$ cat my_file_0.pdb   # PDB, C-alpha atoms, pLDDT in the B column
ATOM      1  CA  ALA F   1       4.075   1.705  11.996  1.00 88.00           C
ATOM      2  CA  ARG F   2       0.674   2.083  13.611  1.00 88.00           C
ATOM      3  CA  ALA F   3       1.951   1.053  17.044  1.00 87.00           C
ATOM      4  CA  GLY F   4       4.844   3.471  16.606  1.00 91.00           C
ATOM      5  CA  GLY F   5       2.531   6.442  16.042  1.00 91.00           C
ATOM      6  CA  ARG F   6       3.051   6.798  12.306  1.00 93.00           C
ATOM      7  CA  THR F   7       0.129   7.567  10.018  1.00 93.00           C
ATOM      8  CA  ARG F   8      -1.220   5.152   7.426  1.00 92.00           C
ATOM      9  CA  GLU F   9       0.025   7.506   4.728  1.00 93.00           C
ATOM     10  CA  GLN F  10       3.530   7.390   6.199  1.00 95.00           C
ATOM     11  CA  ALA F  11       3.375   3.608   6.261  1.00 93.00           C
ATOM     12  CA  THR F  12       2.345   3.565   2.588  1.00 94.00           C
ATOM     13  CA  GLU F  13       5.222   5.896   1.690  1.00 95.00           C
ATOM     14  CA  SER F  14       7.664   3.618   3.533  1.00 94.00           C
ATOM     15  CA  VAL F  15       6.449   0.567   1.643  1.00 94.00           C
ATOM     16  CA  LEU F  16       6.668   2.383  -1.698  1.00 94.00           C
ATOM     17  CA  ALA F  17      10.243   3.477  -0.893  1.00 95.00           C
ATOM     18  CA  ASP F  18      11.415  -0.033   0.027  1.00 96.00           C
ATOM     19  CA  PRO F  19      14.115  -1.185  -2.446  1.00 97.00           C
ATOM     20  CA  GLU F  20      12.463  -4.562  -3.068  1.00 96.00           C
ATOM     21  CA  VAL F  21       9.075  -2.940  -3.691  1.00 95.00           C
ATOM     22  CA  LEU F  22      10.739  -0.485  -6.081  1.00 94.00           C
ATOM     23  CA  ARG F  23      12.315  -3.407  -7.942  1.00 95.00           C
ATOM     24  CA  LEU F  24       8.993  -5.248  -8.171  1.00 93.00           C
ATOM     25  CA  ARG F  25       7.175  -2.077  -9.215  1.00 94.00           C
ATOM     26  CA  SER F  26       9.620  -1.549 -12.056  1.00 93.00           C
ATOM     27  CA  ALA F  27       9.435  -5.188 -13.152  1.00 94.00           C
ATOM     28  CA  ILE F  28       5.642  -5.310 -13.050  1.00 93.00           C
ATOM     29  CA  THR F  29       4.916  -1.914 -14.614  1.00 93.00           C
ATOM     30  CA  GLY F  30       7.741  -1.618 -17.085  1.00 92.00           C
ATOM     31  CA  GLY F  31       8.312   1.871 -15.702  1.00 84.00           C
ATOM     32  CA  THR F  32       5.260   3.504 -17.297  1.00 90.00           C
ATOM     33  CA  GLU F  33       3.847   6.298 -15.136  1.00 88.00           C
ATOM     34  CA  ALA F  34       0.199   5.232 -15.375  1.00 89.00           C
ATOM     35  CA  GLU F  35       1.021   1.674 -14.431  1.00 93.00           C
ATOM     36  CA  LYS F  36       3.322   2.819 -11.603  1.00 91.00           C
ATOM     37  CA  GLU F  37       0.385   4.775 -10.162  1.00 90.00           C
ATOM     38  CA  SER F  38      -1.909   1.764 -10.515  1.00 91.00           C
ATOM     39  CA  PHE F  39       0.677  -0.389  -8.718  1.00 93.00           C
ATOM     40  CA  ALA F  40       0.812   2.145  -5.876  1.00 92.00           C
ATOM     41  CA  VAL F  41      -2.968   2.341  -5.534  1.00 90.00           C
ATOM     42  CA  TYR F  42      -4.152  -1.187  -6.245  1.00 89.00           C
ATOM     43  CA  LEU F  43      -1.326  -3.193  -4.724  1.00 89.00           C
ATOM     44  CA  VAL F  44       0.470  -1.150  -2.087  1.00 92.00           C
ATOM     45  CA  ASP F  45      -2.200   1.235  -0.798  1.00 92.00           C
ATOM     46  CA  TRP F  46      -4.851  -1.481  -0.624  1.00 89.00           C
ATOM     47  CA  PHE F  47      -2.455  -3.827   1.190  1.00 89.00           C
ATOM     48  CA  VAL F  48      -1.424  -1.162   3.706  1.00 92.00           C
ATOM     49  CA  ARG F  49      -5.089  -0.265   4.369  1.00 89.00           C
ATOM     50  CA  ARG F  50      -5.871  -3.908   5.155  1.00 86.00           C
ATOM     51  CA  ALA F  51      -2.796  -4.336   7.354  1.00 88.00           C
ATOM     52  CA  TRP F  52      -3.623  -1.045   9.111  1.00 88.00           C
ATOM     53  CA  ALA F  53      -7.176  -2.200   9.773  1.00 85.00           C
ATOM     54  CA  GLU F  54      -5.937  -5.570  11.028  1.00 86.00           C
ATOM     55  CA  ALA F  55      -3.597  -3.832  13.473  1.00 87.00           C
ATOM     56  CA  ALA F  56      -6.676  -2.134  14.988  1.00 84.00           C
ATOM     57  CA  GLY F  57      -8.609  -5.365  15.479  1.00 81.00           C
ATOM     58  CA  PRO F  58     -10.279  -8.265  13.689  1.00 78.00           C
ATOM     59  CA  LEU F  59     -10.966  -7.922   9.978  1.00 75.00           C
ATOM     60  CA  ASP F  60     -14.207  -8.581   8.200  1.00 75.00           C
ATOM     61  CA  ASP F  61     -14.900  -9.105   4.498  1.00 77.00           C
ATOM     62  CA  SER F  62     -15.536  -5.437   3.710  1.00 73.00           C
ATOM     63  CA  ILE F  63     -13.381  -3.581   1.235  1.00 70.00           C
ATOM     64  CA  PRO F  64     -11.377  -0.723   2.835  1.00 64.00           C
ATOM     65  CA  SER F  65     -12.822   2.664   2.000  1.00 66.00           C
ATOM     66  CA  ALA F  66     -10.932   5.424   0.273  1.00 59.00           C
ATOM     67  CA  PRO F  67      -9.609   8.274   2.430  1.00 56.00           C
TER      68      PRO F  67
END

$ encode --input "my_file_0.pdb" --output "structure tokens"
Amino acid sequence: ARAGGRTREQATESVLADPEVLRLRSAITGGTEAEKESFAVYLVDWFVRRAWAEAAGPLDDSIPSAP
């Protein structure tokens, strides 16, 4: 996504729309809205931030910052 000119936010939206991610999100959260939001933030957004940072160069042990 990064190499293709998409934004990190667009990449996150793509991951969240993936059918397998939707299935896992439903299975893990039981469909509750608060837990669905936590899944999006703590699993998907964090993962995409790390992958996005890695695409720009070597990673370190720091925690990605919020937008």

$ resolve_selection --input "my_file_0.pdb" --expression "the PyMOL selection byres ((chain F and resi 12) around 9)" --output "tab-separated table (two decimals) with C-alpha atoms, keeping the file's coordinate frame"
chain	number	residue	atom	x	y	z
F	7	THR	CA	0.13	7.57	10.02
F	8	ARG	CA	-1.22	5.15	7.43
F	9	GLU	CA	0.02	7.51	4.73
F	10	GLN	CA	3.53	7.39	6.20
F	11	ALA	CA	3.38	3.61	6.26
F	13	GLU	CA	5.22	5.90	1.69
F	14	SER	CA	7.66	3.62	3.53
F	15	VAL	CA	6.45	0.57	1.64
F	16	LEU	CA	6.67	2.38	-1.70
F	17	ALA	CA	10.24	3.48	-0.89
F	40	ALA	CA	0.81	2.14	-5.88
F	44	VAL	CA	0.47	-1.15	-2.09
F	45	ASP	CA	-2.20	1.24	-0.80
F	47	PHE	CA	-2.46	-3.83	1.19
F	48	VAL	CA	-1.42	-1.16	3.71
F	49	ARG	CA	-5.09	-0.26	4.37

$ atom_distance --input "my_file_0.pdb" --atom1 "CA of Ile63 (chain F)" --atom2 "CA of Leu22 (chain F)"
25.4 Å

$ closest_residue --input "my_file_0.pdb" --among "F:Trp52, F:Ser26, F:Thr32, F:Val21" --to "Arg6 (chain F)" --atoms "all atoms listed in the file"
F:Trp52

$ residues_around --input "my_file_0.pdb" --residues "Phe39 (chain F)" --least-positions-apart "6" --cutoff "9 Å" --atoms "all atoms listed in the file" --output "list in words"
Arg25, Ile28, Thr29 and Asp45 of chain F

$ residues_around --input "my_file_0.pdb" --residues "Ala55 (chain F)" --least-positions-apart "5" --cutoff "10 Å" --atoms "all atoms listed in the file" --output "list of chain:residue names"
F:Ala1, F:Arg2, F:Ala3, F:Arg49, F:Arg50

$ axis_aligned_box --input "my_file_0.pdb" --around "region 45-52 of chain F" --padding-each-side "8 Å" --output "JSON"
{"center_x": -3.6, "center_y": -1.6, "center_z": 4.2, "size_x": 20.4, "size_y": 21.6, "size_z": 25.9}

$ atom_distance --input "my_file_0.pdb" --atom1 "CA of Gly4 (chain F)" --atom2 "CA of Tyr42 (chain F)"
25.0 Å
